[in-house]
Amino acid sequence: MASSISRKDFIKSSSILLAAGGSLLTGNTAGATSSETNTAASAGKNFTLKNVRLETGFQYEEGEVTGTTTDLFTIEVSNGKIKSVLSNQPGAKAIDAKGWLLLPAFRDMHIHLDKTFYGLPWKAHLKKNKSVKDMIAFEQQVIPELLKTSTARTGQLIELLQSKGTSFARSHVNIEPTSGLNSLKNLEKALENKKDGFSAELVAFPQHGIFYTPSAELMKEAAKMDIDYIGGLDPYSIDGSIEKHMDFVVQLALDHNKGIDIHLHEAGESGVKTIEYLINKVNENPVLKGKTYISHSFALAKMDNNKLEEVAEKLGNARIGIMTTIPFGSTIMPIPTLYKHGVDVQAGNDCIIDHWSTFGSGSILQKANLMAQLYGYRTEFDLSRCLRIATHNILPLDDKGMRQWPKADDAADMVLVDASCSAEAVSRISPVKSLIHEGNIVF
């Protein structure tokens with residue numbers, strides 16, 4: 001890319017330039033002629049990719065999956081969807097995908113887009129901020145200043161996620177007395193600015209407690225706005241009552257036809273009781289099944305095996321999902337057990353370079369890699385299955401090696417990576433070469 005083109009302009013104009021013969025796929029925009037650009041402008045969301053590598057099946061030796069077969073294809077995209085998947089036509093006038101592997105676009109399902117230091121000078125975590133309550137007090141000091149530039153910095157963070165192959169996120173957004181509804185309003189502006197290349201669902205998140213600080217009325221106001229989930233935070237340790245906190249969250253979700261996604265860091269008895277209380281509430285209100293999630297849920301990592309099996313089965317039956325950052329150290333989540341009981345497990349980066357954590361690469365593919373390492377998924381088959389945590393269960397091949405993605409009428413949410421197959425992409429965190437969101441070529 002020419003040095004005079006900023007990343008902002010690159011993102012903004014990429015769909016037009018890419019349709020002009022694929023020059024941006026090679027990182028060079030200088031070759032696009034004016035006639036090509038005019039043709040691209042009239043093409044809209046209709047374009048064709050050639051030399052696209054797709055997985056076609058598994059290779060077996062003595063009954064074990066030992067490799068993945070691939071072939072090159074031509075893919076037609078129209079109005080945000082895949083129109084057709086055809087045999088490769090290398091001579092066609094189309095965007096050249098260079099033999100890169102096509103995978104479903106990645107999804108970051110637990111992140112705080114409204115809170116980041118990304119775009120600001122480096123600043124490490126402060127030693128004094130040890131507990132959640134410490135962090136609440138710190139946020140009350142720094143949020144007023146951060147709000148002044150939060151829309152622009154959120155935009156930069158979204159561009160980071162896009163560069164890592166992510167086109168969709170579930171973002172928690174602060175709803176508390178310090179920022180009022182301004183964090184939400186600023187985030188909505190940032191998402192509007194990026195709507196052609198990124199989309200999100202939002203969780204109204206009482207970061208400072210619902211009752212620890214007077215946030216209940218603000219949460220009620222947020223529930224009337226364009227949000228998708230009602231959040232919560234450590235009911236016992238922050239608000240002093242599991243029942244009062246959770247009853248408020250559940251009722252607010254029911255009243256406004258929203259889902260639920262609560263932060264639950266509590267790892268002891270109160271964490272277990274909160275999980276069980278929410279399971280009972282969802283069973284009493286079946287409309288919440290498939291719409292209720294627990295983020296972090298560290299208590300699951302501390303349960304003995306018998307209790308874990310019991311709770312995981314109940315979570316699966318209640319269709320309550322678990323949102324995780326794939327933590328390591330002393331809090332390794334029991335993801336294999338959750339999968340065994342049909343629990344919907346999704347992954348997110350959570351904090352990226354903010355006052356909660358200075359870490360976070362923005363890559364969900366890296367989370368799939370970490371999951372593989374933590375749970376010993378080393379075979380071709382197991383590594384290929386790990387991709388599900390990055391794509392929310394969309395895999396190119398089913399467990400028997402039959403191609404199930406992409407196919408006609410699928411959403412054109414796709415990422416091209418420099419890898420030979422899904423297993424390699426997970427194992428090596430392969431570089432992202434291009435992202436397509438709802439038929440828009442983002443870069």
# chains A, B, ... in the order shown; residues from 1 in each chain; ligands from 1

$ closest_atom_pairs --of "stretch 118-183 of chain A" --to "stretch 354-367 of chain A" --cutoff "9 Å" --atoms "only C-alpha atoms" --output "Markdown table"
| residue | atom | partner | partner_atom | distance |
| --- | --- | --- | --- | --- |
| A:Tyr118 | CA | A:Asp354 | CA | 7.2 |
| A:Trp122 | CA | A:Thr358 | CA | 8.8 |
| A:Lys123 | CA | A:Thr358 | CA | 7.7 |
| A:Ala124 | CA | A:Thr358 | CA | 6.0 |
| A:His125 | CA | A:His355 | CA | 6.0 |
| A:Leu126 | CA | A:His355 | CA | 8.0 |
| A:Asn129 | CA | A:Trp356 | CA | 8.6 |
| A:Met135 | CA | A:Trp356 | CA | 7.5 |
| A:Phe138 | CA | A:His355 | CA | 8.7 |
| A:Glu139 | CA | A:His355 | CA | 8.3 |
| A:Leu157 | CA | A:Gly362 | CA | 8.3 |
| A:Leu160 | CA | A:Gly362 | CA | 6.4 |
| A:Leu161 | CA | A:Gly362 | CA | 5.2 |
| A:Gln162 | CA | A:Gly362 | CA | 8.7 |
| A:Ser163 | CA | A:Gly362 | CA | 8.6 |
| A:Lys164 | CA | A:Ser363 | CA | 5.3 |
| A:Gly165 | CA | A:Ser363 | CA | 7.6 |
| A:Thr166 | CA | A:Ile364 | CA | 7.4 |

$ closest_residue --among "A:Leu254, A:Cys421, A:Leu187, A:Leu103" --to "A:Asn393" --atoms "only C-alpha atoms"
A:Leu103

$ atom_distance --atom1 "atom CA of A:Thr337" --atom2 "atom CA of A:Ala169"
25.2 Å

$ closest_residue --among "A:Lys128, A:Asp350, A:Phe58, A:Thr149" --to "A:Val173" --atoms "only C-alpha atoms"
A:Asp350

$ select_by_dssp --residues "stretch 316-404 of chain A" --states "helix (DSSP H, G or I)" --output "PyMOL selection string"
chain A and resi 316-318+335-340+364-375+380-386+388-391

$ residues_around --residues "A:Met225" --least-positions-apart "5" --cutoff "10 Å" --atoms "only C-alpha atoms" --output "ChimeraX atom specification"
/A:181,184-185,204,219-220,256

$ write_last_selection --atoms "N, CA and C atoms" --output "mmCIF file, in the first residue's frame"
data_model
loop_
_atom_site.group_PDB
_atom_site.id
_atom_site.type_symbol
_atom_site.label_atom_id
_atom_site.label_comp_id
_atom_site.auth_asym_id
_atom_site.auth_seq_id
_atom_site.Cartn_x
_atom_site.Cartn_y
_atom_site.Cartn_z
ATOM 1 N N LEU A 181 -25.306 7.353 30.313
ATOM 2 C CA LEU A 181 -25.518 6.597 29.089
ATOM 3 C C LEU A 181 -24.542 7.024 27.986
ATOM 4 N N LEU A 184 -22.485 4.289 26.118
ATOM 5 C CA LEU A 184 -23.327 3.626 25.126
ATOM 6 C C LEU A 184 -23.496 4.497 23.889
ATOM 7 N N LYS A 185 -23.780 5.771 24.086
ATOM 8 C CA LYS A 185 -23.994 6.665 22.952
ATOM 9 C C LYS A 185 -22.725 6.802 22.106
ATOM 10 N N ALA A 204 -25.871 -4.148 28.062
ATOM 11 C CA ALA A 204 -25.903 -3.069 29.047
ATOM 12 C C ALA A 204 -25.267 -3.596 30.334
ATOM 13 N N MET A 219 -29.931 1.434 34.163
ATOM 14 C CA MET A 219 -30.093 0.157 33.466
ATOM 15 C C MET A 219 -31.480 0.068 32.823
ATOM 16 N N LYS A 220 -32.487 0.585 33.518
ATOM 17 C CA LYS A 220 -33.840 0.578 32.958
ATOM 18 C C LYS A 220 -33.913 1.457 31.713
ATOM 19 N N HIS A 256 -38.217 -6.417 28.656
ATOM 20 C CA HIS A 256 -37.830 -5.748 27.403
ATOM 21 C C HIS A 256 -37.404 -6.728 26.316
#

$ select_by_dssp --residues "stretch 126-273 of chain A" --states "strand (DSSP E)" --output "ChimeraX atom specification"
/A:166-174,199-205,229-233,259-264

$ write_last_selection --atoms "N, CA and C atoms" --output "short mmCIF file (atom, residue, chain, number, x, y, z; two decimals), in the first residue's frame"
data_model
loop_
_atom_site.label_atom_id
_atom_site.label_comp_id
_atom_site.auth_asym_id
_atom_site.auth_seq_id
_atom_site.Cartn_x
_atom_site.Cartn_y
_atom_site.Cartn_z
N THR A 166 -11.71 -10.51 12.54
CA THR A 166 -12.98 -10.44 13.26
C THR A 166 -13.89 -9.38 12.67
N SER A 167 -15.14 -9.77 12.37
CA SER A 167 -16.09 -8.81 11.80
C SER A 167 -17.33 -8.65 12.67
N PHE A 168 -17.36 -9.35 13.82
CA PHE A 168 -18.54 -9.30 14.68
C PHE A 168 -18.09 -9.42 16.13
N ALA A 169 -18.77 -8.68 17.01
CA ALA A 169 -18.43 -8.75 18.43
C ALA A 169 -19.68 -8.61 19.29
N ARG A 170 -19.61 -9.21 20.45
CA ARG A 170 -20.57 -8.88 21.50
C ARG A 170 -19.83 -8.00 22.50
N SER A 171 -20.25 -6.76 22.58
CA SER A 171 -19.55 -5.80 23.42
C SER A 171 -20.39 -5.42 24.64
N HIS A 172 -19.78 -5.53 25.79
CA HIS A 172 -20.35 -4.99 27.02
C HIS A 172 -20.04 -3.49 27.05
N VAL A 173 -20.98 -2.70 27.51
CA VAL A 173 -20.78 -1.25 27.54
C VAL A 173 -21.23 -0.72 28.90
N ASN A 174 -20.38 0.10 29.50
CA ASN A 174 -20.64 0.61 30.84
C ASN A 174 -21.95 1.38 30.94
N SER A 199 -19.97 -5.41 12.72
CA SER A 199 -21.25 -5.29 13.42
C SER A 199 -21.11 -5.86 14.82
N ALA A 200 -22.06 -5.51 15.68
CA ALA A 200 -21.95 -5.91 17.08
C ALA A 200 -23.33 -6.02 17.71
N GLU A 201 -23.40 -6.81 18.76
CA GLU A 201 -24.54 -6.81 19.66
C GLU A 201 -24.04 -6.30 21.00
N LEU A 202 -24.91 -5.59 21.73
CA LEU A 202 -24.47 -4.85 22.90
C LEU A 202 -25.11 -5.38 24.17
N VAL A 203 -24.32 -5.35 25.24
CA VAL A 203 -24.78 -5.74 26.58
C VAL A 203 -24.74 -4.52 27.48
N ALA A 204 -25.87 -4.15 28.06
CA ALA A 204 -25.90 -3.07 29.05
C ALA A 204 -25.27 -3.60 30.33
N PHE A 205 -24.09 -3.09 30.66
CA PHE A 205 -23.25 -3.69 31.70
C PHE A 205 -23.11 -2.76 32.91
N TYR A 229 -28.66 -7.34 25.28
CA TYR A 229 -28.56 -8.15 26.50
C TYR A 229 -28.52 -7.26 27.73
N ILE A 230 -29.03 -7.81 28.83
CA ILE A 230 -28.91 -7.17 30.13
C ILE A 230 -27.75 -7.85 30.87
N GLY A 231 -26.84 -7.04 31.36
CA GLY A 231 -25.67 -7.58 32.04
C GLY A 231 -25.81 -7.53 33.55
N GLY A 232 -24.84 -8.12 34.21
CA GLY A 232 -24.77 -8.10 35.67
C GLY A 232 -23.32 -8.26 36.09
N LEU A 233 -23.06 -8.09 37.39
CA LEU A 233 -21.68 -8.16 37.88
C LEU A 233 -21.63 -8.70 39.30
N GLY A 259 -31.80 -10.60 26.01
CA GLY A 259 -31.06 -11.71 26.57
C GLY A 259 -30.35 -11.31 27.84
N ILE A 260 -29.60 -12.23 28.43
CA ILE A 260 -28.85 -11.98 29.66
C ILE A 260 -27.40 -12.42 29.43
N ASP A 261 -26.46 -11.59 29.88
CA ASP A 261 -25.05 -11.96 29.86
C ASP A 261 -24.38 -11.28 31.05
N ILE A 262 -24.12 -12.07 32.11
CA ILE A 262 -23.59 -11.48 33.33
C ILE A 262 -22.11 -11.81 33.51
N HIS A 263 -21.37 -10.88 34.09
CA HIS A 263 -19.99 -11.13 34.51
C HIS A 263 -20.04 -11.84 35.87
N LEU A 264 -19.43 -13.00 35.95
CA LEU A 264 -19.36 -13.71 37.23
C LEU A 264 -17.93 -14.15 37.47
#

$ closest_residue --among "A:Met303, A:Ile111, A:Leu252, A:Leu374" --to "A:Gly329" --atoms "only C-alpha atoms"
A:Leu374

$ residues_around --residues "stretch 398-414 of chain A" --least-positions-apart "6" --cutoff "6 Å" --atoms "only C-alpha atoms" --output "NGL selection string"
:A and (56-58 or 80-84 or 103-105 or 436-439)

$ residues_around --residues "A:Ile143" --least-positions-apart "6" --cutoff "12 Å" --atoms "only C-alpha atoms" --output "ChimeraX atom specification"
/A:114-117,135-137,149-150,174-180,182-183,207,354-355

$ residues_around --residues "A:Gly290" --least-positions-apart "6" --cutoff "12 Å" --atoms "only C-alpha atoms" --output "list in words"
Lys258, Gly259, Ile260, Asp261, Ile279, Val282, Asn283, Leu315, Gly316, Asn317, Ala318, Arg319, Ile320, Gly321, Ile322, Gly342, Val343, Asp344 and Val345 of chain A

$ closest_residue --among "A:Ser295, A:Thr68, A:Asn88, A:Gln141" --to "A:Lys50" --atoms "only C-alpha atoms"
A:Asn88

$ closest_residue --among "A:Leu102, A:Met323, A:Ile294, A:Leu300" --to "A:Ala425" --atoms "only C-alpha atoms"
A:Leu102

$ closest_residue --among "A:Gln140, A:Thr154, A:Gln251, A:Ser420" --to "A:His112" --atoms "only C-alpha atoms"
A:Thr154

$ atom_distance --atom1 "atom CA of A:Phe381" --atom2 "atom CA of A:Glu310"
28.3 Å
